[in-house]
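Here is the file my_file_15.cif (mmCIF, C-alpha atoms).
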data_work
#
loop_
_atom_site.label_atom_id
_atom_site.label_comp_id
_atom_site.auth_asym_id
_atom_site.auth_seq_id
_atom_site.Cartn_x
_atom_site.Cartn_y
_atom_site.Cartn_z
CA MET A 1 34.46 106.53 48.18
CA VAL A 2 30.69 106.19 48.46
CA SER A 3 29.19 108.29 51.23
CA PRO A 4 27.47 106.19 53.92
CA LYS A 5 24.47 108.52 53.68
CA SER A 6 23.92 107.33 50.10
CA HIS A 7 22.77 104.00 51.57
CA ILE A 8 19.74 105.62 53.19
CA VAL A 9 16.61 104.77 51.21
CA SER A 10 14.18 106.53 53.53
CA MET A 11 14.14 108.30 56.87
CA SER A 12 11.35 109.67 59.05
CA LYS A 13 11.19 111.13 62.51
CA LYS A 14 8.52 111.19 65.19
CA ILE A 15 8.39 112.74 68.62
CA ILE A 16 7.34 110.22 71.27
CA LYS A 17 5.81 111.84 74.33
CA PRO A 18 5.05 110.09 77.63
CA SER A 19 1.73 108.24 77.41
CA SER A 20 0.60 110.05 80.58
CA PRO A 21 1.48 113.65 81.45
CA THR A 22 4.04 114.17 84.19
CA PRO A 23 2.41 115.50 87.38
CA SER A 24 3.23 119.10 88.23
CA SER A 25 4.81 117.89 91.49
CA LEU A 26 7.50 116.11 89.44
CA ARG A 27 8.05 118.89 86.91
CA HIS A 28 11.36 120.08 88.41
CA HIS A 29 14.19 117.51 88.65
CA ASN A 30 17.46 118.84 90.05
CA LEU A 31 20.69 117.50 88.63
CA SER A 32 23.08 115.95 91.14
CA PHE A 33 26.71 117.01 91.48
CA LEU A 34 27.78 113.98 89.41
CA ASP A 35 25.20 114.86 86.74
CA GLN A 36 26.60 118.38 86.62
CA ILE A 37 30.26 117.45 86.14
CA VAL A 38 29.76 115.02 83.24
CA SER A 39 29.78 116.21 79.65
CA PRO A 40 26.38 116.64 77.92
CA LEU A 41 27.24 114.12 75.19
CA HIS A 42 24.84 111.35 74.18
CA ASN A 43 25.93 107.80 75.09
CA PRO A 44 25.27 105.42 72.15
CA LEU A 45 24.35 101.72 72.10
CA ALA A 46 22.98 99.68 69.20
CA PHE A 47 21.49 96.18 69.12
CA PHE A 48 21.45 94.14 65.91
CA TYR A 49 18.92 91.39 65.16
CA LEU A 50 18.47 88.96 62.30
CA LYS A 51 15.23 89.06 60.32
CA PRO A 52 12.44 88.03 62.73
CA GLU A 53 11.21 84.49 62.04
CA ASN A 54 7.67 85.40 63.07
CA SER A 55 6.07 86.96 59.99
CA SER A 56 3.82 89.10 62.20
CA TYR A 57 6.88 91.14 63.10
CA ASP A 58 7.01 93.22 59.94
CA ILE A 59 8.86 96.53 60.17
CA ASN A 60 5.72 98.64 60.58
CA HIS A 61 4.48 96.44 63.42
CA ILE A 62 7.89 96.53 65.10
CA SER A 63 8.04 100.32 64.79
CA THR A 64 4.58 100.70 66.32
CA LEU A 65 5.46 98.37 69.20
CA LEU A 66 8.66 100.28 69.92
CA GLN A 67 6.95 103.67 69.81
CA ASN A 68 4.08 102.61 72.07
CA SER A 69 6.34 100.97 74.64
CA LEU A 70 8.69 103.96 74.59
CA ALA A 71 5.76 106.29 75.32
CA ASN A 72 4.73 104.09 78.24
CA LEU A 73 8.30 103.87 79.52
CA LEU A 74 8.79 107.62 79.50
CA THR A 75 6.04 108.00 82.11
CA SER A 76 8.41 106.25 84.53
CA TYR A 77 11.58 107.85 83.17
CA TYR A 78 9.95 111.28 83.05
CA PRO A 79 13.19 113.34 83.34
CA PHE A 80 14.40 111.64 80.16
CA ALA A 81 11.51 113.31 78.29
CA GLY A 82 12.39 116.76 79.58
CA THR A 83 14.78 119.61 78.84
CA CYS A 84 18.08 120.38 80.57
CA ASN A 85 18.32 123.92 81.88
CA ASP A 86 21.68 125.61 82.58
CA ASN A 87 23.23 122.44 84.00
CA ILE A 88 21.05 122.97 87.08
CA PHE A 89 17.83 121.03 86.57
CA ILE A 90 15.67 119.10 84.13
CA ASP A 91 12.36 120.69 83.23
CA CYS A 92 10.19 117.57 83.01
CA ASN A 93 7.96 119.19 80.40
CA ASP A 94 7.18 116.06 78.37
CA VAL A 95 8.81 117.30 75.17
CA GLY A 96 9.44 113.61 74.57
CA ALA A 97 12.06 111.59 72.70
CA GLU A 98 12.98 111.57 69.03
CA PHE A 99 12.32 108.30 67.21
CA PHE A 100 13.73 107.69 63.73
CA ASN A 101 12.69 105.06 61.21
CA VAL A 102 15.48 104.44 58.70
CA GLU A 103 15.64 102.04 55.76
CA LEU A 104 19.02 101.12 54.21
CA ASP A 105 19.91 99.47 50.90
CA ILE A 106 22.68 97.32 52.43
CA PRO A 107 22.52 93.97 54.24
CA ILE A 108 23.18 93.75 57.96
CA SER A 109 26.41 91.87 57.18
CA GLU A 110 27.83 95.05 55.67
CA ILE A 111 28.13 96.35 59.21
CA LEU A 112 28.51 93.17 61.25
CA ASP A 113 31.47 91.99 59.17
CA HIS A 114 33.23 95.33 59.49
CA PRO A 115 32.47 96.82 62.93
CA TYR A 116 34.36 99.97 63.92
CA TYR A 117 36.25 100.19 60.64
CA ASN A 118 33.32 101.01 58.45
CA ASP A 119 31.63 104.40 58.43
CA ASP A 120 28.39 102.55 57.73
CA ILE A 121 28.21 101.67 61.45
CA ASN A 122 27.09 105.25 62.09
CA LEU A 123 24.02 104.72 59.91
CA VAL A 124 22.28 102.80 62.69
CA TYR A 125 22.52 105.83 64.97
CA PRO A 126 20.66 109.12 64.62
CA GLN A 127 22.91 111.33 62.53
CA GLY A 128 25.11 113.69 64.52
CA CYS A 129 23.99 112.28 67.86
CA PRO A 130 26.51 109.76 69.27
CA TRP A 131 29.11 111.42 71.50
CA ASN A 132 27.94 114.86 70.45
CA THR A 133 26.29 117.77 72.19
CA TYR A 134 23.01 117.10 70.45
CA ASP A 135 20.50 119.93 70.09
CA GLY A 136 17.51 117.60 70.15
CA THR A 137 15.91 115.60 72.94
CA LEU A 138 17.67 113.86 75.83
CA VAL A 139 16.70 110.46 74.41
CA VAL A 140 17.07 109.70 70.70
CA ALA A 141 16.19 106.27 69.31
CA GLN A 142 16.38 104.74 65.85
CA LEU A 143 14.94 101.65 64.22
CA THR A 144 16.97 100.62 61.17
CA LEU A 145 15.78 98.15 58.52
CA PHE A 146 18.40 96.47 56.31
CA ASP A 147 17.57 95.19 52.85
CA CYS A 148 17.99 91.59 54.08
CA GLY A 149 15.23 92.04 56.67
CA GLY A 150 17.62 92.36 59.60
CA ILE A 151 17.09 95.25 61.99
CA ALA A 152 18.96 97.39 64.49
CA VAL A 153 17.60 99.29 67.48
CA SER A 154 19.84 102.07 68.72
CA VAL A 155 19.51 104.48 71.61
CA CYS A 156 21.50 107.60 72.46
CA ILE A 157 20.86 109.13 75.89
CA SER A 158 22.35 112.33 77.29
CA HIS A 159 25.03 111.72 79.90
CA LYS A 160 23.37 114.50 81.93
CA VAL A 161 20.58 112.11 82.95
CA ALA A 162 22.19 108.68 82.67
CA ASP A 163 25.45 106.85 83.16
CA ALA A 164 26.06 103.56 81.34
CA TYR A 165 24.24 101.58 84.03
CA SER A 166 21.16 103.80 83.69
CA VAL A 167 21.26 103.62 79.89
CA ILE A 168 21.26 99.82 80.05
CA LYS A 169 18.51 99.81 82.67
CA PHE A 170 16.40 102.06 80.43
CA ILE A 171 16.93 99.86 77.36
CA THR A 172 16.22 96.70 79.38
CA ASP A 173 12.95 98.15 80.63
CA TRP A 174 12.09 99.27 77.09
CA ALA A 175 12.73 95.77 75.76
CA ASN A 176 10.60 94.23 78.53
CA LEU A 177 7.66 96.53 77.76
CA THR A 178 7.98 95.96 74.01
CA ARG A 179 8.02 92.21 74.45
CA ASP A 180 5.15 92.24 76.97
CA SER A 181 3.00 95.36 77.32
CA SER A 182 1.66 94.05 80.64
CA HIS A 183 5.15 93.84 82.12
CA ALA A 184 5.45 95.41 85.58
CA LYS A 185 6.14 99.14 85.65
CA PRO A 186 9.82 99.87 86.30
CA SER A 187 10.61 100.54 89.95
CA ILE A 188 13.22 103.29 89.71
CA LEU A 189 14.44 106.24 91.75
CA PHE A 190 15.67 109.65 90.64
CA ASP A 191 17.42 110.30 93.93
CA GLY A 192 20.90 111.43 92.91
CA THR A 193 20.68 114.73 94.78
CA SER A 194 20.13 112.80 98.03
CA PHE A 195 23.69 111.50 97.74
CA PHE A 196 25.42 114.15 95.65
CA PRO A 197 23.98 117.62 96.35
CA PRO A 198 24.28 119.95 93.36
CA VAL A 199 26.16 123.22 93.23
CA THR A 200 24.35 126.41 92.33
CA ASP A 201 27.38 128.13 90.82
CA THR A 202 28.24 125.86 87.90
CA SER A 203 31.29 127.96 86.98
CA THR A 204 33.12 126.28 89.85
CA LEU A 205 32.62 122.78 88.45
CA PRO A 206 35.66 120.82 87.22
CA ASP A 207 35.88 120.25 83.48
CA PHE A 208 36.28 116.57 82.65
CA ASP A 209 35.42 116.89 78.97
CA VAL A 210 38.39 115.38 77.12
CA GLY A 211 37.20 116.67 73.75
CA ASN A 212 37.92 115.01 70.42
CA ASP A 213 41.24 114.08 68.82
CA GLY A 214 41.37 114.17 65.06
CA ASN A 215 44.48 112.04 64.54
CA CYS A 216 43.38 108.87 66.31
CA VAL A 217 41.83 105.62 65.12
CA THR A 218 39.80 102.88 66.78
CA ARG A 219 40.23 99.15 66.36
CA LEU A 220 38.23 96.29 67.81
CA PHE A 221 40.16 93.33 69.21
CA HIS A 222 38.80 89.97 70.29
CA PHE A 223 40.42 88.24 73.26
CA SER A 224 39.62 84.53 73.20
CA SER A 225 38.85 82.66 76.40
CA SER A 226 42.04 80.65 75.98
CA GLY A 227 44.11 83.81 75.54
CA LEU A 228 42.60 85.38 78.64
CA ASP A 229 43.15 82.18 80.62
CA LYS A 230 46.86 82.24 79.72
CA LEU A 231 47.15 85.84 80.86
CA LYS A 232 45.34 85.04 84.11
CA ILE A 233 47.71 82.14 84.85
CA ILE A 234 50.76 84.34 84.26
CA ALA A 235 49.39 87.20 86.36
CA ALA A 236 48.28 84.96 89.24
CA ALA A 237 51.59 83.06 89.38
CA GLU A 238 53.78 86.15 89.37
CA SER A 239 51.66 88.63 91.32
CA GLY A 240 49.94 86.52 93.94
CA VAL A 241 46.58 88.02 92.93
CA GLU A 242 43.84 85.43 93.34
CA ASN A 243 41.62 84.89 90.31
CA PRO A 244 42.59 87.98 88.31
CA SER A 245 39.68 89.08 86.15
CA ARG A 246 39.67 89.18 82.36
CA VAL A 247 39.39 92.97 82.43
CA GLU A 248 42.35 93.29 84.81
CA VAL A 249 44.73 91.20 82.69
CA ALA A 250 43.59 92.69 79.38
CA THR A 251 43.93 96.23 80.79
CA ALA A 252 47.49 95.54 81.91
CA LEU A 253 48.49 94.01 78.57
CA ILE A 254 46.91 96.71 76.41
CA HIS A 255 48.32 99.55 78.50
CA LYS A 256 51.86 98.15 78.40
CA HIS A 257 51.91 97.60 74.66
CA ALA A 258 50.16 100.89 73.88
CA MET A 259 52.99 102.62 75.73
CA ILE A 260 55.54 100.54 73.82
CA ALA A 261 53.87 101.69 70.58
CA SER A 262 54.36 105.31 71.64
CA GLY A 263 58.10 104.86 71.16
CA SER A 264 59.64 105.28 74.59
CA PHE A 265 58.73 104.76 78.20
CA LYS A 266 57.03 107.65 79.97
CA PRO A 267 55.17 107.80 83.28
CA SER A 268 51.49 107.25 82.59
CA LEU A 269 48.14 106.95 84.29
CA LEU A 270 45.17 104.63 83.95
CA CYS A 271 41.79 106.06 84.93
CA HIS A 272 39.30 103.33 85.78
CA ILE A 273 35.56 104.00 85.91
CA MET A 274 33.82 102.24 88.80
CA GLY A 275 30.10 102.11 89.53
CA LEU A 276 28.66 103.05 92.92
CA ARG A 277 25.71 100.66 92.91
CA PRO A 278 26.01 99.29 95.58
CA PRO A 279 26.39 101.03 98.03
CA LEU A 280 23.79 103.18 96.24
CA PRO A 281 20.45 101.50 95.39
CA LEU A 282 20.47 99.36 92.26
CA ASN A 283 17.37 101.16 90.99
CA SER A 284 18.89 104.63 91.36
CA ILE A 285 18.88 106.33 87.94
CA GLY A 286 21.30 109.07 86.92
CA ASN A 287 25.06 109.30 87.26
CA ALA A 288 26.53 107.18 90.04
CA CYS A 289 30.12 106.47 89.10
CA SER A 290 33.49 107.33 90.49
CA PHE A 291 36.96 106.66 89.20
CA PHE A 292 40.28 105.65 90.60
CA VAL A 293 43.71 106.15 89.11
CA THR A 294 46.69 103.81 88.91
CA SER A 295 50.09 105.02 87.76
CA THR A 296 53.21 103.55 86.19
CA GLN A 297 56.37 105.41 87.10
CA THR A 298 58.94 102.84 85.97
CA GLU A 299 59.18 100.23 83.24
CA ASP A 300 58.99 97.55 85.93
CA ASP A 301 55.57 98.91 86.94
CA MET A 302 54.31 97.95 83.49
CA LYS A 303 55.12 94.28 83.89
CA LEU A 304 51.85 92.33 83.60
CA SER A 305 51.97 90.90 87.12
CA ASN A 306 52.90 94.22 88.74
CA SER A 307 50.23 96.15 86.84
CA VAL A 308 47.54 93.61 87.75
CA ALA A 309 48.62 93.67 91.41
CA VAL A 310 48.39 97.47 91.57
CA LEU A 311 45.03 97.48 89.82
CA ARG A 312 43.59 94.86 92.19
CA LYS A 313 44.96 96.66 95.27
CA SER A 314 43.51 99.99 94.12
CA LYS A 315 40.08 98.45 93.50
CA GLU A 316 40.08 96.74 96.90
CA GLN A 317 41.12 99.97 98.63
CA LEU A 318 38.28 101.85 96.95
CA ARG A 319 35.76 99.17 97.87
CA GLU A 320 36.99 99.23 101.46
CA LYS A 321 36.56 103.00 101.59
CA LEU A 322 32.99 102.65 100.34
CA LYS A 323 32.18 99.49 102.26
CA ASN A 324 30.63 101.03 105.35
CA VAL A 325 30.07 104.53 104.08
CA THR A 326 26.70 105.99 104.89
CA GLN A 327 24.57 107.51 102.16
CA SER A 328 25.10 110.92 103.77
CA ASP A 329 28.90 110.53 103.62
CA ILE A 330 29.35 109.05 100.17
CA PHE A 331 29.46 112.48 98.54
CA PHE A 332 32.57 113.44 100.51
CA LYS A 333 34.28 110.14 99.71
CA VAL A 334 33.60 110.51 95.98
CA LEU A 335 34.66 114.17 96.04
CA GLU A 336 37.92 113.14 97.72
CA LEU A 337 38.56 110.50 95.06
CA THR A 338 37.75 112.96 92.29
CA LYS A 339 40.19 115.54 93.66
CA GLN A 340 42.92 112.92 94.08
CA GLY A 341 42.46 111.75 90.51
CA ALA A 342 42.43 115.29 89.13
CA GLU A 343 45.66 116.11 91.00
CA LEU A 344 47.41 113.03 89.58
CA LEU A 345 46.30 113.92 86.07
CA GLU A 346 48.06 117.27 86.37
CA TYR A 347 51.43 115.53 86.57
CA VAL A 348 51.31 113.69 83.24
CA ASN A 349 50.88 114.70 79.65
CA LYS A 350 47.31 114.22 78.40
CA ASP A 351 48.70 111.81 75.77
CA ASP A 352 49.97 109.55 78.55
CA ALA A 353 46.68 109.17 80.39
CA PHE A 354 44.40 106.24 79.53
CA LYS A 355 40.70 105.87 80.33
CA CYS A 356 39.22 102.42 80.87
CA SER A 357 35.54 101.53 81.07
CA SER A 358 33.64 98.27 80.83
CA LEU A 359 30.18 97.05 79.88
CA CYS A 360 31.04 93.43 80.57
CA ASN A 361 28.62 91.30 82.59
CA PHE A 362 25.63 93.57 81.94
CA GLY A 363 23.82 90.90 79.91
CA LEU A 364 23.60 93.05 76.79
CA TYR A 365 23.27 90.03 74.54
CA ASN A 366 20.12 89.01 76.38
CA MET A 367 18.34 92.16 75.22
CA ASP A 368 15.11 90.79 73.70
CA PHE A 369 12.40 93.13 72.41
CA GLY A 370 10.29 90.17 71.30
CA TRP A 371 12.02 88.92 68.18
CA GLY A 372 15.00 87.16 69.77
CA LYS A 373 18.30 88.07 71.35
CA ALA A 374 20.78 90.46 69.81
CA ILE A 375 23.44 88.99 67.56
CA ARG A 376 25.69 92.03 67.97
CA VAL A 377 25.83 94.94 70.40
CA SER A 378 27.90 97.93 69.42
CA SER A 379 28.91 101.37 70.44
CA VAL A 380 30.95 103.87 68.46
CA SER A 381 34.28 105.46 69.17
CA ARG A 382 34.28 108.82 70.89
CA GLY A 383 37.33 109.79 68.86
CA VAL A 384 39.50 110.37 71.93
CA LYS A 385 42.98 108.95 72.22
CA ASN A 386 43.93 106.31 74.77
CA GLN A 387 40.44 104.96 75.37
CA ILE A 388 40.01 101.27 76.26
CA PHE A 389 36.44 100.01 76.19
CA PHE A 390 35.51 96.44 77.19
CA MET A 391 32.42 94.52 76.10
CA ASP A 392 31.25 90.91 76.15
CA SER A 393 31.68 89.10 72.84
CA PRO A 394 28.60 87.95 70.89
CA THR A 395 29.28 84.28 71.56
CA GLY A 396 30.16 84.75 75.23
CA ASN A 397 33.55 83.25 74.42
CA GLY A 398 36.14 85.75 75.51
CA MET A 399 35.84 89.51 75.34
CA ASP A 400 35.86 92.32 72.77
CA VAL A 401 37.93 95.44 73.40
CA MET A 402 37.65 98.70 71.52
CA VAL A 403 41.00 100.51 71.61
CA THR A 404 41.56 104.09 70.42
CA LEU A 405 45.12 105.31 69.88
CA ASP A 406 47.11 107.79 67.87
CA GLU A 407 47.03 106.66 64.24
CA LYS A 408 50.77 105.99 63.97
CA GLU A 409 50.85 104.24 67.34
CA MET A 410 47.92 102.04 66.32
CA GLU A 411 49.87 100.82 63.28
CA ILE A 412 52.52 99.51 65.67
CA PHE A 413 50.08 98.27 68.32
CA GLN A 414 47.90 96.19 65.98
CA SER A 415 51.00 94.43 64.62
CA ASP A 416 52.53 93.77 68.05
CA LYS A 417 53.34 90.05 68.24
CA VAL A 418 52.54 89.88 71.96
CA ILE A 419 49.12 91.49 71.47
CA LEU A 420 48.39 89.13 68.58
CA GLU A 421 49.38 86.17 70.74
CA TYR A 422 46.33 86.79 72.96
CA ALA A 423 43.98 88.87 70.81
CA SER A 424 43.03 89.24 67.17
CA PRO A 425 41.73 92.25 65.27
CA VAL A 426 38.08 91.64 64.38
CA VAL A 427 38.94 92.73 60.83
CA LYS A 428 42.53 92.57 59.64
CA MET A 429 43.72 95.68 57.90
#

Rewrite the structure from the file as structure tokens, please.
Amino acid sequence: MVSPKSHIVSMSKKIIKPSSPTPSSLRHHNLSFLDQIVSPLHNPLAFFYLKPENSSYDINHISTLLQNSLANLLTSYYPFAGTCNDNIFIDCNDVGAEFFNVELDIPISEILDHPYYNDDINLVYPQGCPWNTYDGTLVVAQLTLFDCGGIAVSVCISHKVADAYSVIKFITDWANLTRDSSHAKPSILFDGTSFFPPVTDTSTLPDFDVGNDGNCVTRLFHFSSSGLDKLKIIAAAESGVENPSRVEVATALIHKHAMIASGSFKPSLLCHIMGLRPPLPLNSIGNACSFFVTSTQTEDDMKLSNSVAVLRKSKEQLREKLKNVTQSDIFFKVLELTKQGAELLEYVNKDDAFKCSSLCNFGLYNMDFGWGKAIRVSSVSRGVKNQIFFMDSPTGNGMDVMVTLDEKEMEIFQSDKVILEYASPVVKM
């Protein structure tokens, strides 16, 4: 088998520092409690583009534009150009961000036609960075040129300074500044400690790092709009839930048939990530997520309609709890939810707990740096079992779902006739 690294024709790295030095008054940025409890891994996202039609956008020009706009952006996102110290604070010392230029000897189709199954996907990310405790900077970006003229722009940002919402906000602002250097300066707040005061003794923090599982595989499935509509009709008719969402019905279906693939029924949990903006400000940057847990104790609980009903009820209960919460009280509400979730997780085997997260409806396919909209947006698998990750599809028709399971269980899951009735593997094995 040819090593993916053999496709690299050239690689160079630059350090991009903020275009203006960070004032001494902003040098010390305390991490919030939510920043402290997340793992220090780098969240990866990559955006693929066909060869720019405008001939002025040659690769050197594109690289210069990206580097200049990144330098300007880091003056606003100054903690992102700093150094994390002892899980307590960010020293906003302007060490900058790493920026890689990489040229490959393969066409963009080599990756786009085989997403998530092909090791080549990792070539568009800085090596060793995605989902790793990276020794370099908090922000690591890469511009990749394919031999067909297509390009990819990838970004990996430490979870210590950004949740998924903040990562997308950063990339959106970067795209805006690249496309138009006179674009308004981002109006953002680094105010996490106002809502989630940090702890000084980090040894008391809960450990939510789920590590890495070596015997699991990831597959990408596409749910068509028609398939999702069928599931919604079934769920609504049998559960009484009004307008079940595509994520709700797909979650219920995947969870049920992943448990079937495991061989026998066992009580299990679904952990659902939920953003806190609102009630927190939409321009608040950092970590502002909570999670809620739903459980299945009987086989009847796993019925599509019952699972959707429980999921909807749990979401509505959480929203009601947060509806009128003051900014001074939200910490205690989130802490309560975190403790409740952690207690539930103690009662099931790790292999029977599923984590669900979604990047749907974030407008990722509208990400335009100046040479058009992305034709594909990707992430990479964290290599952890029982992960379900939802994203919009490139065409806007339906939804793509990245599912990670035990290798033997995936063999059963991806051949499940019920799953294949509503979804199709992006690449058939």

Which residues of region 189-256 of chain A sit at most 12 Å from region 164-177 of chain A, using all atoms listed in the file? Give each one's shortest atom pair and distance in Å (one decimal place), in chain and ascending residue order, as JSON lines.
{"residue": "A:Leu189", "atom": "CA", "partner": "A:Ser166", "partner_atom": "CA", "distance": 10.8}
{"residue": "A:Phe190", "atom": "CA", "partner": "A:Ser166", "partner_atom": "CA", "distance": 10.6}
{"residue": "A:Gly192", "atom": "CA", "partner": "A:Ser166", "partner_atom": "CA", "distance": 12.0}

Practice problem: Return as a PyMOL selection string the set of residues that the PyMOL selection byres ((chain A and resi 283-296) around 6) yields on the displayed structure. | Solution: chain A and resi 34-35+161-163+166+188-190+267-276+281-282+297-298+301+341

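In this comparison, which uses all atoms listed in the file, the residue of A:Ala261, A:Ile121, A:Val140, A:Ile111 approaching Ile16 (chain A) most closely is A:Val140.
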
Exercise. Return the single residue from A:Asn361, A:Ser76, A:Thr326, A:Asn54 that is closest to Leu26 (chain A), with distances computed using all atoms listed in the file.
Key: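 The answer is A:Ser76, which sits nearest to Leu26 (chain A).
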
Could you give me, as a PDB file with C-alpha atoms, in the coordinates of the input, the residues within 12 Å of region 85-87 of chain A, counting only C-alpha atoms and dropping anything in the same chain fewer than 4 positions from it?
ATOM      1  CA  HIS A  28      11.360 120.080  88.410  1.00  0.00           C
ATOM      2  CA  HIS A  29      14.190 117.510  88.650  1.00  0.00           C
ATOM      3  CA  ASN A  30      17.460 118.840  90.050  1.00  0.00           C
ATOM      4  CA  LEU A  31      20.690 117.500  88.630  1.00  0.00           C
ATOM      5  CA  SER A  32      23.080 115.950  91.140  1.00  0.00           C
ATOM      6  CA  PHE A  33      26.710 117.010  91.480  1.00  0.00           C
ATOM      7  CA  LEU A  34      27.780 113.980  89.410  1.00  0.00           C
ATOM      8  CA  ASP A  35      25.200 114.860  86.740  1.00  0.00           C
ATOM      9  CA  GLN A  36      26.600 118.380  86.620  1.00  0.00           C
ATOM     10  CA  ILE A  37      30.260 117.450  86.140  1.00  0.00           C
ATOM     11  CA  VAL A  38      29.760 115.020  83.240  1.00  0.00           C
ATOM     12  CA  SER A  39      29.780 116.210  79.650  1.00  0.00           C
ATOM     13  CA  PRO A  40      26.380 116.640  77.920  1.00  0.00           C
ATOM     14  CA  PRO A  79      13.190 113.340  83.340  1.00  0.00           C
ATOM     15  CA  ASP A  91      12.360 120.690  83.230  1.00  0.00           C
ATOM     16  CA  CYS A  92      10.190 117.570  83.010  1.00  0.00           C
ATOM     17  CA  ASN A  93       7.960 119.190  80.400  1.00  0.00           C
ATOM     18  CA  LEU A 138      17.670 113.860  75.830  1.00  0.00           C
ATOM     19  CA  HIS A 159      25.030 111.720  79.900  1.00  0.00           C
ATOM     20  CA  LYS A 160      23.370 114.500  81.930  1.00  0.00           C
ATOM     21  CA  VAL A 161      20.580 112.110  82.950  1.00  0.00           C
ATOM     22  CA  PRO A 198      24.280 119.950  93.360  1.00  0.00           C
ATOM     23  CA  VAL A 199      26.160 123.220  93.230  1.00  0.00           C
ATOM     24  CA  THR A 200      24.350 126.410  92.330  1.00  0.00           C
ATOM     25  CA  ASP A 201      27.380 128.130  90.820  1.00  0.00           C
ATOM     26  CA  THR A 202      28.240 125.860  87.900  1.00  0.00           C
ATOM     27  CA  SER A 203      31.290 127.960  86.980  1.00  0.00           C
ATOM     28  CA  LEU A 205      32.620 122.780  88.450  1.00  0.00           C
TER      29      LEU A 205
END

Practice problem: Name the residues in contact with Ala152 (chain A) at a cut-off of 6 Å, using all atoms listed in the file, excluding same-chain residues fewer than 2 positions from it; report them as a PyMOL selection string. | Solution: chain A and resi 47-48+143-144

Practice problem: Evaluate the PyMOL selection byres ((chain A and resi 17) around 12) on the structure here and hand back the selected residues as number ranges by chain. | Solution: A: 14-16, 18-22, 67-82, 92-99, 137, 139

Taking C-alpha atoms for each residue, export the selection above as a tab-separated table (two decimals), in the coordinates of the input.
chain	number	residue	atom	x	y	z
A	14	LYS	CA	8.52	111.19	65.19
A	15	ILE	CA	8.39	112.74	68.62
A	16	ILE	CA	7.34	110.22	71.27
A	18	PRO	CA	5.05	110.09	77.63
A	19	SER	CA	1.73	108.24	77.41
A	20	SER	CA	0.60	110.05	80.58
A	21	PRO	CA	1.48	113.65	81.45
A	22	THR	CA	4.04	114.17	84.19
A	67	GLN	CA	6.95	103.67	69.81
A	68	ASN	CA	4.08	102.61	72.07
A	69	SER	CA	6.34	100.97	74.64
A	70	LEU	CA	8.69	103.96	74.59
A	71	ALA	CA	5.76	106.29	75.32
A	72	ASN	CA	4.73	104.09	78.24
A	73	LEU	CA	8.30	103.87	79.52
A	74	LEU	CA	8.79	107.62	79.50
A	75	THR	CA	6.04	108.00	82.11
A	76	SER	CA	8.41	106.25	84.53
A	77	TYR	CA	11.58	107.85	83.17
A	78	TYR	CA	9.95	111.28	83.05
A	79	PRO	CA	13.19	113.34	83.34
A	80	PHE	CA	14.40	111.64	80.16
A	81	ALA	CA	11.51	113.31	78.29
A	82	GLY	CA	12.39	116.76	79.58
A	92	CYS	CA	10.19	117.57	83.01
A	93	ASN	CA	7.96	119.19	80.40
A	94	ASP	CA	7.18	116.06	78.37
A	95	VAL	CA	8.81	117.30	75.17
A	96	GLY	CA	9.44	113.61	74.57
A	97	ALA	CA	12.06	111.59	72.70
A	98	GLU	CA	12.98	111.57	69.03
A	99	PHE	CA	12.32	108.30	67.21
A	137	THR	CA	15.91	115.60	72.94
A	139	VAL	CA	16.70	110.46	74.41

Practice problem: Mind checking which residues fall within 12 Å of Val153 (chain A), counting all atoms listed in the file, ignoring those fewer than 3 positions away in the same chain, and posting them as an NGL selection string? | Solution: :A and (44-50 or 59 or 62-63 or 66-67 or 99-102 or 123-126 or 140-146 or 150 or 156 or 171 or 174-175 or 367-369 or 371 or 373-379)

Quiz item: Which residues fall under the PyMOL selection byres ((chain A and resi 401) around 6) in this file, as an NGL selection string?
Solution: :A and (220-221 or 389-390 or 400 or 402)

Next, write the just-selected residues to a file, as a short mmCIF file (atom, residue, chain, number, x, y, z; two decimals), in the frame of the given file, keeping C-alpha atoms as the atom set.
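Here's the written file part.cif:
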data_model
loop_
_atom_site.label_atom_id
_atom_site.label_comp_id
_atom_site.auth_asym_id
_atom_site.auth_seq_id
_atom_site.Cartn_x
_atom_site.Cartn_y
_atom_site.Cartn_z
CA LEU A 220 38.23 96.29 67.81
CA PHE A 221 40.16 93.33 69.21
CA PHE A 389 36.44 100.01 76.19
CA PHE A 390 35.51 96.44 77.19
CA ASP A 400 35.86 92.32 72.77
CA MET A 402 37.65 98.70 71.52
#

Once you count only C-alpha atoms, what closest atom pair and distance in Å to one decimal does each residue of region 144-257 of chain A within 12 Å of region 419-422 of chain A have, with rows by chain and rising residue number, as CSV?
residue,atom,partner,partner_atom,distance
A:Phe221,CA,A:Leu420,CA,9.3
A:His222,CA,A:Tyr422,CA,8.6
A:Phe223,CA,A:Tyr422,CA,6.1
A:Ser224,CA,A:Tyr422,CA,7.1
A:Ser225,CA,A:Tyr422,CA,9.2
A:Ser226,CA,A:Tyr422,CA,8.1
A:Gly227,CA,A:Tyr422,CA,4.5
A:Leu228,CA,A:Tyr422,CA,6.9
A:Asp229,CA,A:Tyr422,CA,9.5
A:Lys230,CA,A:Tyr422,CA,8.2
A:Leu231,CA,A:Tyr422,CA,8.0
A:Lys232,CA,A:Tyr422,CA,11.3
A:Arg246,CA,A:Tyr422,CA,11.8
A:Val249,CA,A:Tyr422,CA,10.8
A:Ala250,CA,A:Tyr422,CA,9.1
A:Thr251,CA,A:Ile419,CA,11.7
A:Ala252,CA,A:Ile419,CA,11.3
A:Leu253,CA,A:Ile419,CA,7.6
A:Ile254,CA,A:Ile419,CA,7.5
A:His255,CA,A:Ile419,CA,10.7
A:Lys256,CA,A:Ile419,CA,10.0
A:His257,CA,A:Ile419,CA,7.4
